[in-house]
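Participant: Please find run-v1.tsv (TSV, C-alpha atoms and all ligand atoms) on the next line:
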```tsv
chain	number	residue	atom	x	y	z
A	1	MET	CA	3.16	-2.12	-25.51
A	2	TYR	CA	4.63	0.07	-22.79
A	3	ASP	CA	8.35	-0.06	-22.08
A	4	PHE	CA	8.75	-1.04	-18.43
A	5	ASP	CA	12.33	-2.24	-19.03
A	6	LYS	CA	13.63	1.29	-19.52
A	7	ILE	CA	15.75	2.66	-16.67
A	8	THR	CA	14.82	6.22	-15.74
A	9	ASP	CA	17.37	8.19	-13.74
A	10	ARG	CA	15.33	9.68	-10.88
A	11	LYS	CA	18.19	11.50	-9.18
A	12	ASN	CA	17.80	15.26	-8.65
A	13	THR	CA	14.02	15.14	-8.82
A	14	ASN	CA	13.36	15.55	-5.05
A	15	SER	CA	12.75	11.81	-4.93
A	16	TRP	CA	12.70	10.38	-1.39
A	17	LYS	CA	13.84	7.08	-2.86
A	18	TYR	CA	16.86	8.46	-4.78
A	19	ASP	CA	17.88	11.89	-3.49
A	20	PHE	CA	18.61	11.20	0.17
A	21	TYR	CA	21.29	8.50	0.04
A	22	ASP	CA	23.74	10.57	2.16
A	23	GLU	CA	21.17	11.24	4.86
A	24	TYR	CA	20.45	7.52	5.19
A	25	GLY	CA	24.15	6.54	4.99
A	26	LYS	CA	23.82	4.69	1.67
A	27	THR	CA	26.69	4.35	-0.80
A	28	PRO	CA	26.05	5.71	-4.31
A	29	ASP	CA	25.95	2.21	-5.84
A	30	THR	CA	23.10	1.10	-3.54
A	31	LEU	CA	19.95	-0.24	-5.23
A	32	SER	CA	16.92	1.58	-3.83
A	33	MET	CA	14.05	-0.88	-3.38
A	34	TRP	CA	12.31	0.37	-0.26
A	35	ILE	CA	9.64	3.14	-0.26
A	36	ALA	CA	6.56	2.08	-2.23
A	37	ASP	CA	6.60	4.13	-5.38
A	38	MET	CA	7.42	2.85	-8.86
A	39	ASP	CA	10.35	3.56	-11.14
A	40	PHE	CA	8.00	3.85	-14.13
A	41	PRO	CA	6.54	7.05	-15.61
A	42	THR	CA	2.77	7.16	-15.20
A	43	VAL	CA	0.12	6.56	-17.89
A	44	PRO	CA	0.96	8.57	-21.07
A	45	GLU	CA	-2.53	10.16	-21.18
A	46	VAL	CA	-2.04	11.40	-17.63
A	47	LEU	CA	1.33	12.91	-18.54
A	48	LYS	CA	-0.23	14.72	-21.48
A	49	LYS	CA	-3.04	16.21	-19.37
A	50	LEU	CA	-0.57	17.32	-16.70
A	51	GLU	CA	1.53	19.00	-19.39
A	52	ASP	CA	-1.58	20.84	-20.58
A	53	VAL	CA	-2.29	22.03	-17.03
A	54	ALA	CA	1.34	23.16	-16.61
A	55	LYS	CA	1.32	24.98	-19.94
A	56	PHE	CA	-1.90	26.78	-19.08
A	57	GLY	CA	0.04	28.47	-16.32
A	58	ILE	CA	-2.71	29.64	-14.00
A	59	PHE	CA	-2.77	27.55	-10.85
A	60	GLY	CA	-5.68	29.06	-8.97
A	61	TYR	CA	-7.90	27.36	-6.37
A	62	SER	CA	-9.32	24.13	-7.69
A	63	ARG	CA	-12.12	21.67	-6.92
A	64	PRO	CA	-13.08	18.35	-8.51
A	65	ARG	CA	-16.04	18.61	-10.88
A	66	GLU	CA	-18.59	15.95	-11.88
A	67	GLY	CA	-16.17	14.29	-14.34
A	68	TYR	CA	-13.81	13.52	-11.48
A	69	PHE	CA	-16.53	11.81	-9.46
A	70	GLU	CA	-17.69	9.85	-12.50
A	71	ALA	CA	-14.17	8.57	-13.20
A	72	VAL	CA	-13.61	7.44	-9.61
A	73	LYS	CA	-17.04	5.80	-9.32
A	74	ASN	CA	-16.79	4.01	-12.68
A	75	TRP	CA	-13.39	2.56	-11.80
A	76	PHE	CA	-14.58	0.97	-8.57
A	77	GLU	CA	-17.86	-0.18	-10.10
A	78	LYS	CA	-16.17	-1.75	-13.11
A	79	ARG	CA	-13.17	-3.35	-11.44
A	80	PHE	CA	-14.65	-4.37	-8.09
A	81	GLY	CA	-18.41	-4.12	-8.47
A	82	ALA	CA	-18.36	-1.52	-5.69
A	83	HIS	CA	-21.01	1.16	-5.77
A	84	ILE	CA	-20.06	4.67	-4.60
A	85	GLU	CA	-22.08	7.88	-4.47
A	86	ASN	CA	-20.55	11.32	-4.91
A	87	GLU	CA	-21.27	12.46	-1.40
A	88	TRP	CA	-19.59	9.40	0.12
A	89	ILE	CA	-16.19	10.64	-1.08
A	90	VAL	CA	-14.08	12.65	1.35
A	91	PHE	CA	-10.80	14.05	0.02
A	92	THR	CA	-7.58	13.78	1.97
A	93	PRO	CA	-3.97	14.53	0.99
A	94	GLY	CA	-3.00	10.87	1.36
A	95	VAL	CA	-4.16	7.63	2.91
A	96	VAL	CA	-1.78	7.89	5.87
A	97	PHE	CA	-3.40	11.25	6.64
A	98	ALA	CA	-6.79	9.49	6.59
A	99	LEU	CA	-5.58	6.71	8.91
A	100	ASN	CA	-4.47	9.31	11.45
A	101	MET	CA	-7.74	11.22	11.10
A	102	ALA	CA	-9.70	7.99	11.57
A	103	VAL	CA	-7.88	7.32	14.84
A	104	LYS	CA	-8.55	10.88	16.04
A	105	THR	CA	-12.18	10.86	14.91
A	106	PHE	CA	-13.44	7.45	15.97
A	107	THR	CA	-11.54	6.87	19.21
A	108	GLU	CA	-10.69	8.70	22.42
A	109	GLU	CA	-7.32	8.80	24.12
A	110	GLY	CA	-6.61	5.44	25.74
A	111	ASP	CA	-9.08	3.50	23.53
A	112	GLY	CA	-7.83	0.36	21.84
A	113	VAL	CA	-7.12	0.39	18.11
A	114	LEU	CA	-6.55	-3.01	16.56
A	115	VAL	CA	-3.98	-3.96	13.93
A	116	MET	CA	-2.76	-7.28	12.58
A	117	ARG	CA	1.01	-7.24	12.60
A	118	PRO	CA	3.24	-7.46	10.69
A	119	VAL	CA	1.63	-4.45	9.06
A	120	TYR	CA	2.50	-1.24	7.18
A	121	TYR	CA	4.25	0.80	9.88
A	122	PRO	CA	2.26	4.05	9.58
A	123	PHE	CA	-0.66	2.02	11.02
A	124	LEU	CA	1.38	1.64	14.20
A	125	ASN	CA	2.46	5.30	14.20
A	126	ALA	CA	-1.11	6.51	13.72
A	127	ILE	CA	-2.05	4.76	16.95
A	128	ASN	CA	1.05	5.55	19.01
A	129	ASN	CA	1.37	9.17	17.90
A	130	ASN	CA	-2.23	9.89	18.86
A	131	GLY	CA	-2.02	8.41	22.35
A	132	ARG	CA	-4.26	5.41	21.67
A	133	LYS	CA	-3.62	1.87	22.82
A	134	LEU	CA	-2.12	-0.35	20.17
A	135	VAL	CA	-3.85	-3.72	20.28
A	136	ASN	CA	-2.26	-6.40	18.15
A	137	CYS	CA	-3.90	-9.52	16.81
A	138	PRO	CA	-0.91	-10.98	14.98
A	139	LEU	CA	-1.42	-12.74	11.69
A	140	VAL	CA	-0.77	-16.44	11.95
A	141	TYR	CA	2.28	-17.56	9.98
A	142	SER	CA	2.26	-21.23	9.31
A	143	ASP	CA	3.98	-23.23	6.58
A	144	GLY	CA	4.94	-19.98	4.83
A	145	LYS	CA	1.34	-18.73	4.68
A	146	TYR	CA	-0.45	-15.95	6.55
A	147	SER	CA	-3.98	-16.05	7.89
A	148	ILE	CA	-6.20	-14.37	10.47
A	149	ASP	CA	-6.87	-16.13	13.78
A	150	PHE	CA	-10.56	-15.26	14.16
A	151	GLU	CA	-10.92	-16.75	17.60
A	152	ASN	CA	-8.04	-14.65	18.83
A	153	LEU	CA	-9.42	-11.61	17.00
A	154	GLU	CA	-12.73	-11.82	18.83
A	155	LYS	CA	-11.05	-12.42	22.18
A	156	THR	CA	-8.51	-9.63	21.70
A	157	ILE	CA	-11.21	-7.13	20.75
A	158	ALA	CA	-13.42	-8.09	23.70
A	159	GLU	CA	-10.60	-7.81	26.22
A	160	ASN	CA	-9.06	-4.52	25.10
A	161	ASN	CA	-11.78	-1.89	24.72
A	162	VAL	CA	-11.16	-1.81	20.98
A	163	LYS	CA	-13.13	0.88	19.11
A	164	LEU	CA	-11.43	0.88	15.72
A	165	MET	CA	-9.67	-1.64	13.49
A	166	LEU	CA	-7.07	-0.59	10.93
A	167	PHE	CA	-7.35	-3.29	8.30
A	168	CYS	CA	-5.01	-3.63	5.32
A	169	ASN	CA	-6.62	-5.16	2.22
A	170	PRO	CA	-4.59	-6.31	0.27
A	171	HIS	CA	-2.13	-6.66	3.11
A	172	ASN	CA	1.22	-4.86	3.10
A	173	PRO	CA	3.74	-6.44	3.76
A	174	VAL	CA	2.58	-10.09	3.63
A	175	GLY	CA	0.95	-9.79	0.18
A	176	ARG	CA	-2.36	-11.45	1.08
A	177	VAL	CA	-5.53	-10.59	-0.82
A	178	TRP	CA	-8.18	-11.42	1.76
A	179	THR	CA	-11.00	-13.61	0.50
A	180	ARG	CA	-14.62	-12.60	0.77
A	181	ALA	CA	-15.11	-15.26	3.47
A	182	GLU	CA	-12.23	-13.84	5.52
A	183	LEU	CA	-13.59	-10.33	5.13
A	184	GLU	CA	-17.08	-11.39	6.14
A	185	GLU	CA	-15.80	-13.08	9.24
A	186	THR	CA	-13.72	-10.03	10.17
A	187	ALA	CA	-16.66	-7.71	9.51
A	188	GLY	CA	-19.00	-9.86	11.60
A	189	ILE	CA	-16.68	-9.81	14.60
A	190	ALA	CA	-16.16	-6.05	14.27
A	191	ARG	CA	-19.88	-5.40	14.12
A	192	ARG	CA	-20.70	-7.68	17.07
A	193	HIS	CA	-18.27	-5.74	19.24
A	194	GLY	CA	-19.03	-2.22	18.03
A	195	VAL	CA	-15.66	-1.82	16.29
A	196	PHE	CA	-15.56	0.52	13.29
A	197	VAL	CA	-13.36	-0.69	10.42
A	198	CYS	CA	-10.93	1.53	8.56
A	199	ALA	CA	-10.02	-0.54	5.49
A	200	ASP	CA	-6.90	0.62	3.69
A	201	GLU	CA	-7.43	-0.56	0.12
A	202	ILE	CA	-4.70	1.49	-1.52
A	203	HIS	CA	-3.19	-1.68	-3.07
A	204	CYS	CA	-6.54	-2.94	-4.43
A	205	ASP	CA	-5.48	-2.71	-8.06
A	206	PHE	CA	-2.47	-4.98	-7.56
A	207	THR	CA	-3.80	-8.52	-7.53
A	208	TYR	CA	-2.55	-11.54	-9.46
A	209	ASN	CA	-3.81	-14.88	-10.76
A	210	ASN	CA	-7.10	-15.94	-9.22
A	211	ASN	CA	-6.88	-13.57	-6.28
A	212	VAL	CA	-9.82	-11.20	-6.45
A	213	HIS	CA	-9.95	-8.03	-4.41
A	214	THR	CA	-13.18	-7.71	-2.44
A	215	SER	CA	-13.85	-4.21	-1.21
A	216	PHE	CA	-15.11	-3.70	2.32
A	217	LEU	CA	-17.79	-1.60	0.59
A	218	ASN	CA	-19.28	-4.91	-0.55
A	219	VAL	CA	-18.99	-6.57	2.84
A	220	ASP	CA	-20.23	-4.09	5.43
A	221	ARG	CA	-20.17	-0.56	4.06
A	222	GLU	CA	-22.27	0.83	6.93
A	223	ASN	CA	-19.58	-0.08	9.42
A	224	ALA	CA	-16.48	0.84	7.44
A	225	MET	CA	-14.52	3.59	5.78
A	226	VAL	CA	-12.54	2.55	2.74
A	227	CYS	CA	-9.32	4.36	1.92
A	228	THR	CA	-8.53	4.50	-1.78
A	229	ALA	CA	-6.14	6.47	-3.97
A	230	PRO	CA	-4.79	6.37	-7.51
A	231	SER	CA	-1.31	6.89	-6.06
A	232	LYS	CA	0.04	3.32	-5.89
A	233	THR	CA	-1.78	2.15	-9.01
A	234	PHE	CA	-0.57	4.89	-11.33
A	235	ASN	CA	2.56	6.11	-9.51
A	236	LEU	CA	1.09	9.44	-8.42
A	237	ALA	CA	1.99	9.45	-4.71
A	238	GLY	CA	3.73	12.83	-4.94
A	239	LEU	CA	0.45	14.44	-6.01
A	240	GLN	CA	-1.12	13.58	-2.65
A	241	THR	CA	-4.68	12.90	-3.72
A	242	SER	CA	-6.86	10.26	-2.12
A	243	ASN	CA	-10.53	9.42	-1.99
A	244	ILE	CA	-11.87	8.14	1.29
A	245	ILE	CA	-15.25	6.44	0.91
A	246	ILE	CA	-17.68	6.53	3.84
A	247	ALA	CA	-21.24	5.40	3.19
A	248	ASP	CA	-22.65	5.98	6.67
A	249	GLU	CA	-23.83	9.57	6.91
A	250	GLU	CA	-23.13	10.11	10.58
A	251	LYS	CA	-19.65	8.61	10.46
A	252	ARG	CA	-18.89	10.56	7.30
A	253	GLY	CA	-20.04	13.81	8.89
A	254	LYS	CA	-17.71	13.29	11.82
A	255	PHE	CA	-14.78	12.36	9.63
A	256	ARG	CA	-15.35	15.28	7.27
A	257	ALA	CA	-15.54	17.70	10.20
A	258	ALA	CA	-12.25	16.35	11.53
A	259	VAL	CA	-10.58	16.74	8.13
A	260	ASN	CA	-12.00	20.26	7.78
A	261	SER	CA	-10.62	21.14	11.20
A	262	THR	CA	-7.11	20.69	9.79
A	263	GLY	CA	-7.85	23.39	7.22
A	264	TYR	CA	-7.69	20.93	4.32
A	265	GLU	CA	-10.50	20.98	1.77
A	266	TYR	CA	-9.72	19.93	-1.79
A	267	PRO	CA	-6.94	18.26	-3.77
A	268	ASN	CA	-4.62	20.39	-5.90
A	269	ILE	CA	-5.11	20.88	-9.64
A	270	PHE	CA	-2.43	18.36	-10.64
A	271	GLY	CA	-3.86	15.71	-8.33
A	272	ILE	CA	-7.40	16.28	-9.60
A	273	THR	CA	-6.31	16.09	-13.23
A	274	ALA	CA	-4.12	13.03	-12.75
A	275	CYS	CA	-6.69	11.10	-10.71
A	276	GLU	CA	-9.53	11.69	-13.16
A	277	THR	CA	-7.41	10.92	-16.22
A	278	ALA	CA	-5.81	7.82	-14.75
A	279	TYR	CA	-9.13	6.26	-13.76
A	280	ARG	CA	-10.54	7.21	-17.17
A	281	CYS	CA	-7.66	6.12	-19.40
A	282	GLY	CA	-5.30	3.95	-17.36
A	283	GLU	CA	-6.78	0.49	-17.57
A	284	LYS	CA	-4.70	-0.89	-20.45
A	285	TRP	CA	-1.49	0.51	-18.96
A	286	LEU	CA	-2.34	-1.03	-15.60
A	287	ASP	CA	-3.03	-4.45	-17.08
A	288	GLU	CA	0.38	-4.48	-18.78
A	289	LEU	CA	2.05	-3.17	-15.65
A	290	LEU	CA	0.55	-5.97	-13.58
A	291	SER	CA	1.91	-8.67	-15.83
A	292	TYR	CA	5.33	-6.99	-15.86
A	293	VAL	CA	5.51	-6.69	-12.07
A	294	TYR	CA	4.31	-10.26	-11.63
A	295	GLY	CA	7.05	-11.29	-14.06
A	296	ASN	CA	9.55	-9.64	-11.71
A	297	TYR	CA	8.13	-11.67	-8.85
A	298	GLU	CA	8.31	-14.89	-10.86
A	299	TYR	CA	11.92	-14.13	-11.69
A	300	MET	CA	12.68	-13.81	-7.97
A	301	VAL	CA	10.89	-17.01	-7.09
A	302	ASP	CA	12.67	-18.93	-9.81
A	303	PHE	CA	16.04	-17.42	-8.86
A	304	CYS	CA	15.60	-18.34	-5.22
A	305	ARG	CA	14.49	-21.85	-6.02
A	306	LYS	CA	17.70	-22.37	-8.01
A	307	ASN	CA	20.18	-20.31	-6.01
A	308	MET	CA	18.87	-19.43	-2.56
A	309	PRO	CA	16.54	-22.19	-1.43
A	310	GLU	CA	16.78	-20.97	2.18
A	311	ALA	CA	14.89	-17.80	1.22
A	312	ARG	CA	11.16	-18.30	1.58
A	313	ILE	CA	9.01	-15.82	-0.35
A	314	SER	CA	5.39	-15.32	0.67
A	315	ASP	CA	2.92	-15.89	-2.14
A	316	LEU	CA	2.44	-12.51	-3.81
A	317	GLN	CA	-1.34	-12.45	-4.14
A	318	GLY	CA	-1.36	-8.66	-4.12
A	319	THR	CA	0.82	-5.49	-3.83
A	320	TYR	CA	4.23	-5.10	-5.51
A	321	LEU	CA	6.11	-5.77	-2.29
A	322	PRO	CA	7.41	-9.34	-1.97
A	323	TRP	CA	8.07	-10.44	1.61
A	324	PHE	CA	11.11	-12.67	2.15
A	325	ASP	CA	11.53	-14.90	5.17
A	326	MET	CA	15.31	-15.28	5.60
A	327	ASN	CA	15.17	-17.04	8.97
A	328	ALA	CA	16.34	-20.37	7.55
A	329	TYR	CA	19.83	-18.85	7.17
A	330	GLY	CA	20.08	-18.91	10.96
A	331	LEU	CA	21.52	-15.38	11.16
A	332	SER	CA	20.52	-12.77	13.70
A	333	HIS	CA	18.25	-10.05	12.27
A	334	GLU	CA	21.11	-7.57	12.70
A	335	GLU	CA	23.55	-9.77	10.76
A	336	LEU	CA	20.94	-10.27	8.04
A	337	MET	CA	20.49	-6.52	7.65
A	338	LYS	CA	24.26	-5.98	7.63
A	339	ARG	CA	24.56	-8.38	4.73
A	340	VAL	CA	21.66	-6.83	2.84
A	341	GLU	CA	22.68	-3.23	3.42
A	342	ASN	CA	26.47	-3.31	3.60
A	343	ASP	CA	27.41	-6.32	1.50
A	344	ALA	CA	24.63	-6.51	-1.10
A	345	ARG	CA	24.05	-2.74	-0.96
A	346	ILE	CA	20.31	-3.04	-1.36
A	347	TRP	CA	18.10	-0.50	0.39
A	348	LEU	CA	14.84	-2.13	1.38
A	349	ASP	CA	12.45	-2.20	4.31
A	350	GLU	CA	13.60	-4.47	7.09
A	351	GLY	CA	10.96	-6.73	8.54
A	352	THR	CA	11.01	-5.36	12.08
A	353	LEU	CA	9.67	-2.00	10.84
A	354	PHE	CA	6.34	-3.81	10.52
A	355	GLY	CA	6.48	-5.17	14.07
A	356	PRO	CA	8.65	-7.68	15.94
A	357	GLU	CA	6.89	-10.43	13.97
A	358	GLY	CA	9.06	-9.31	11.04
A	359	ARG	CA	12.38	-10.43	12.54
A	360	GLY	CA	14.42	-12.17	9.90
A	361	PHE	CA	12.22	-10.81	7.08
A	362	ILE	CA	12.89	-8.24	4.37
A	363	ARG	CA	10.45	-6.47	2.04
A	364	PHE	CA	11.37	-5.70	-1.56
A	365	ASN	CA	9.75	-3.16	-3.86
A	366	ILE	CA	9.77	-4.71	-7.33
A	367	ALA	CA	7.92	-1.98	-9.24
A	368	CYS	CA	11.10	-1.39	-11.21
A	369	PRO	CA	12.76	-2.59	-14.43
A	370	ARG	CA	13.58	-6.32	-14.51
A	371	SER	CA	17.32	-5.62	-14.75
A	372	VAL	CA	17.22	-4.04	-11.28
A	373	VAL	CA	15.56	-7.13	-9.83
A	374	GLU	CA	18.17	-9.33	-11.53
A	375	GLU	CA	21.02	-7.26	-10.12
A	376	ALA	CA	19.46	-7.29	-6.64
A	377	MET	CA	19.10	-11.08	-6.66
A	378	ASP	CA	22.73	-11.56	-7.77
A	379	ARG	CA	23.93	-9.24	-5.02
A	380	LEU	CA	21.76	-10.84	-2.36
A	381	LYS	CA	22.95	-14.32	-3.31
A	382	ALA	CA	26.62	-13.26	-3.05
A	383	ALA	CA	26.02	-11.57	0.31
A	384	MET	CA	24.20	-14.56	1.77
A	385	GLU	CA	26.89	-16.99	0.60
A	386	LYS	CA	29.60	-15.09	2.48
B	1	LIG	C1	-1.03	0.05	2.94
B	1	LIG	C2	-0.58	1.44	2.58
B	1	LIG	N1	-1.33	2.49	2.91
B	1	LIG	C3	-0.97	3.75	2.61
B	1	LIG	C4	0.20	4.01	1.92
B	1	LIG	C5	0.61	5.41	1.63
B	1	LIG	O1	-0.47	6.18	1.30
B	1	LIG	P1	-0.35	7.74	1.05
B	1	LIG	O2	0.91	7.99	0.27
B	1	LIG	O3	-1.59	8.05	0.28
B	1	LIG	O4	-0.33	8.38	2.40
B	1	LIG	C6	1.02	2.94	1.55
B	1	LIG	C7	2.29	3.20	0.86
B	1	LIG	O5	3.14	2.37	0.78
B	1	LIG	C8	0.62	1.63	1.89
B	1	LIG	O6	1.37	0.57	1.55
```
Now, as a test, write the supplied structure out as structure tokens.
Ligand SMILES: Cc1ncc(COP(=O)(O)O)c(C=O)c1O
Facilitator:
Amino acid sequence: MYDFDKITDRKNTNSWKYDFYDEYGKTPDTLSMWIADMDFPTVPEVLKKLEDVAKFGIFGYSRPREGYFEAVKNWFEKRFGAHIENEWIVFTPGVVFALNMAVKTFTEEGDGVLVMRPVYYPFLNAINNNGRKLVNCPLVYSDGKYSIDFENLEKTIAENNVKLMLFCNPHNPVGRVWTRAELEETAGIARRHGVFVCADEIHCDFTYNNNVHTSFLNVDRENAMVCTAPSKTFNLAGLQTSNIIIADEEKRGKFRAAVNSTGYEYPNIFGITACETAYRCGEKWLDELLSYVYGNYEYMVDFCRKNMPEARISDLQGTYLPWFDMNAYGLSHEELMKRVENDARIWLDEGTLFGPEGRGFIRFNIACPRSVVEEAMDRLKAAMEK
């Protein structure tokens, strides 16, 4: 049994989540539930290996060896039935880096790049910051559930010179784990229109109940790149190590050349060690973590049912980022955020960061001890009752 209830003080550790309250105008008693890292120490075996590396004391140039590739490949084979070969893996210092490189590599200035808003905001930045045309096929929100409008997807692609699709699977922030049928339909449309798919699967290990993650590698691997990383799963984001899987040789060659042109080649020694060890030893820890995080979600759902029935929480099929629709309160988005930030003193991601479709929504990060979730719910209730 791992102790996920324990509060760890993360202040003074260069934590983006905890050490920059002044810069963001937050009071010291604010609960930080925004940026997507966890308040739990990583897998004990990973910690031990990192200590060994630190104690060794020589931090020369490093490169992953065969054991690293084996650990990555076994994880995806065992958990998702996804086959990977060593040479398909391209290293990048993060998935957001890979999204930006995908936009640069597979499109020209002015080309359309498709997203399905509301979506993780670096998708939008990767398009805008590289001078491409952002083409949105909004997710359909109906009766509290999100889905893809395939007819609109096909039409939008055809009309907007779309060359690349940035696809989030599972989807941050709406928490959907796309079904195989949905993925196949998306893949079919992309292929028919010559659109390459960049599937961000960083949240693939966070799925609950009967929701099964299907990797794009098992849907149309010749027309996709799949972005993976151990960073969300094992709380290793600060080590900046991700594995981008590209089966198609020509596409991979282009992408690798683009990455090389930045001067980046291999992950650092801590990232290599942590990634290999986590995929090798982290399964039991992850399984316990998943039931703990889902328990946090269930607490929220139950609390809202009893105390805040106006709050509508999207079904958390995947990720650790519940998405709250607060529109039934009838407040303006600005008033909602004032209550959340100033009255409840909770720091979270406001819905409009993910696109205008997120007006009246807030996104929580619940990868934290239960007591923090309890406190947040009490504060939110008081602020909304004002
Ligand atoms: C969908 C998605 N992709 C990428 C990232 C970040 O990836 P990285 O830290 O590897 O750049 C996040 C973090 O929240 C995310 O939610």
Participant: Which residue gives the smallest distance to Tyr320 (chain A) among A:Asp37, A:Glu66, A:Glu151, A:Asp111, with all atoms listed in the file counted?
Facilitator: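 When distances to Tyr320 (chain A) are compared using all atoms listed in the file, the smallest one comes from A:Asp37.
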Participant: List the spatial neighbours of Trp75 (chain A) as a list in words - criterion: any atom at most 8 Å away, only C-alpha atoms, same-chain residues fewer than 5 positions off excluded.
Facilitator: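 Final neighbour list, sorted by chain and number: Phe80, Tyr279 and Arg280 of chain A.
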Participant: Around (-8.3, 3.3, 6.1) in the file's own coordinates, what residues are found within 10 Å if you use only C-alpha atoms, given back as a ChimeraX atom specification?
Facilitator: /A:95-103,123,165-169,197-202,224-228,244-245
Participant: Taking into account all atoms listed in the file, which residue in the set A:Thr92, A:Ser371, A:Asn74, A:Asn160 is nearest to Gly110 (chain A)?
Facilitator: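 Closest to Gly110 (chain A), using all atoms listed in the file: A:Asn160.
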Participant: Taking (-19.8, 2.1, 6.7) in the coordinates of the supplied file, I want to know which residues reach to within 12 Å of it, counting all atoms listed in the file; could you give the answer as a compact mmCIF listing (two decimals) with C-alpha atoms, in the frame of the given file?
Facilitator:
```
# COMPACT_ATOMS: atom_id res chain seq x y z
CA ILE A 84 -20.06 4.67 -4.60
CA TRP A 88 -19.59 9.40 0.12
CA ALA A 187 -16.66 -7.71 9.51
CA ALA A 190 -16.16 -6.05 14.27
CA ARG A 191 -19.88 -5.40 14.12
CA VAL A 195 -15.66 -1.82 16.29
CA PHE A 196 -15.56 0.52 13.29
CA VAL A 197 -13.36 -0.69 10.42
CA CYS A 198 -10.93 1.53 8.56
CA ALA A 199 -10.02 -0.54 5.49
CA SER A 215 -13.85 -4.21 -1.21
CA PHE A 216 -15.11 -3.70 2.32
CA LEU A 217 -17.79 -1.60 0.59
CA ASN A 218 -19.28 -4.91 -0.55
CA VAL A 219 -18.99 -6.57 2.84
CA ASP A 220 -20.23 -4.09 5.43
CA ARG A 221 -20.17 -0.56 4.06
CA GLU A 222 -22.27 0.83 6.93
CA ASN A 223 -19.58 -0.08 9.42
CA ALA A 224 -16.48 0.84 7.44
CA MET A 225 -14.52 3.59 5.78
CA VAL A 226 -12.54 2.55 2.74
CA CYS A 227 -9.32 4.36 1.92
CA ILE A 244 -11.87 8.14 1.29
CA ILE A 245 -15.25 6.44 0.91
CA ILE A 246 -17.68 6.53 3.84
CA ALA A 247 -21.24 5.40 3.19
CA ASP A 248 -22.65 5.98 6.67
CA GLU A 249 -23.83 9.57 6.91
CA GLU A 250 -23.13 10.11 10.58
CA LYS A 251 -19.65 8.61 10.46
CA ARG A 252 -18.89 10.56 7.30
CA GLY A 253 -20.04 13.81 8.89
CA PHE A 255 -14.78 12.36 9.63
```
Participant: Pick out the residues sitting within 10 Å of Phe206 (chain A), and hand them over as a JSON list (two decimals) with C-alpha atoms, in the frame of the given file; count all atoms listed in the file, and ignore anything fewer than 2 positions along from it in its own chain.
Facilitator:
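Printed below is result34.json as written:
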```
[["chain", "number", "residue", "atom", "x", "y", "z"],
["A", 170, "PRO", "CA", -4.59, -6.31, 0.27],
["A", 175, "GLY", "CA", 0.95, -9.79, 0.18],
["A", 177, "VAL", "CA", -5.53, -10.59, -0.82],
["A", 202, "ILE", "CA", -4.70, 1.49, -1.52],
["A", 203, "HIS", "CA", -3.19, -1.68, -3.07],
["A", 204, "CYS", "CA", -6.54, -2.94, -4.43],
["A", 208, "TYR", "CA", -2.55, -11.54, -9.46],
["A", 211, "ASN", "CA", -6.88, -13.57, -6.28],
["A", 212, "VAL", "CA", -9.82, -11.20, -6.45],
["A", 213, "HIS", "CA", -9.95, -8.03, -4.41],
["A", 232, "LYS", "CA", 0.04, 3.32, -5.89],
["A", 233, "THR", "CA", -1.78, 2.15, -9.01],
["A", 286, "LEU", "CA", -2.34, -1.03, -15.60],
["A", 287, "ASP", "CA", -3.03, -4.45, -17.08],
["A", 289, "LEU", "CA", 2.05, -3.17, -15.65],
["A", 290, "LEU", "CA", 0.55, -5.97, -13.58],
["A", 293, "VAL", "CA", 5.51, -6.69, -12.07],
["A", 294, "TYR", "CA", 4.31, -10.26, -11.63],
["A", 316, "LEU", "CA", 2.44, -12.51, -3.81],
["A", 317, "GLN", "CA", -1.34, -12.45, -4.14],
["A", 318, "GLY", "CA", -1.36, -8.66, -4.12],
["A", 319, "THR", "CA", 0.82, -5.49, -3.83],
["A", 320, "TYR", "CA", 4.23, -5.10, -5.51]]
```
Participant: Rank A:Tyr61, A:Phe20, A:Phe324, A:Phe361 by their smallest atom-to-atom distance to Val301 (chain A), using only C-alpha atoms, and report the top residue only.
Facilitator: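 Looking at the shortest contact to Val301 (chain A), the residue is A:Phe324.
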Participant: Atoms are missing here; could region 162-168 of chain A be completed with N, CA and C atoms and written as a short mmCIF file (atom, residue, chain, number, x, y, z; two decimals), in the frame of the given file?
Facilitator:
```
data_model
loop_
_atom_site.label_atom_id
_atom_site.label_comp_id
_atom_site.auth_asym_id
_atom_site.auth_seq_id
_atom_site.Cartn_x
_atom_site.Cartn_y
_atom_site.Cartn_z
N VAL A 162 -11.50 -2.23 22.35
CA VAL A 162 -11.16 -1.81 20.98
C VAL A 162 -12.35 -1.08 20.35
N LYS A 163 -12.07 0.08 19.74
CA LYS A 163 -13.13 0.88 19.11
C LYS A 163 -12.96 0.95 17.59
N LEU A 164 -11.74 0.70 17.15
CA LEU A 164 -11.43 0.88 15.72
C LEU A 164 -10.45 -0.19 15.30
N MET A 165 -10.62 -0.67 14.06
CA MET A 165 -9.67 -1.64 13.49
C MET A 165 -9.06 -1.01 12.24
N LEU A 166 -7.73 -1.01 12.16
CA LEU A 166 -7.07 -0.59 10.93
C LEU A 166 -6.74 -1.86 10.16
N PHE A 167 -7.40 -2.02 9.02
CA PHE A 167 -7.35 -3.29 8.30
C PHE A 167 -6.73 -3.07 6.92
N CYS A 168 -5.74 -3.86 6.57
CA CYS A 168 -5.01 -3.63 5.32
C CYS A 168 -5.42 -4.68 4.29
#
```
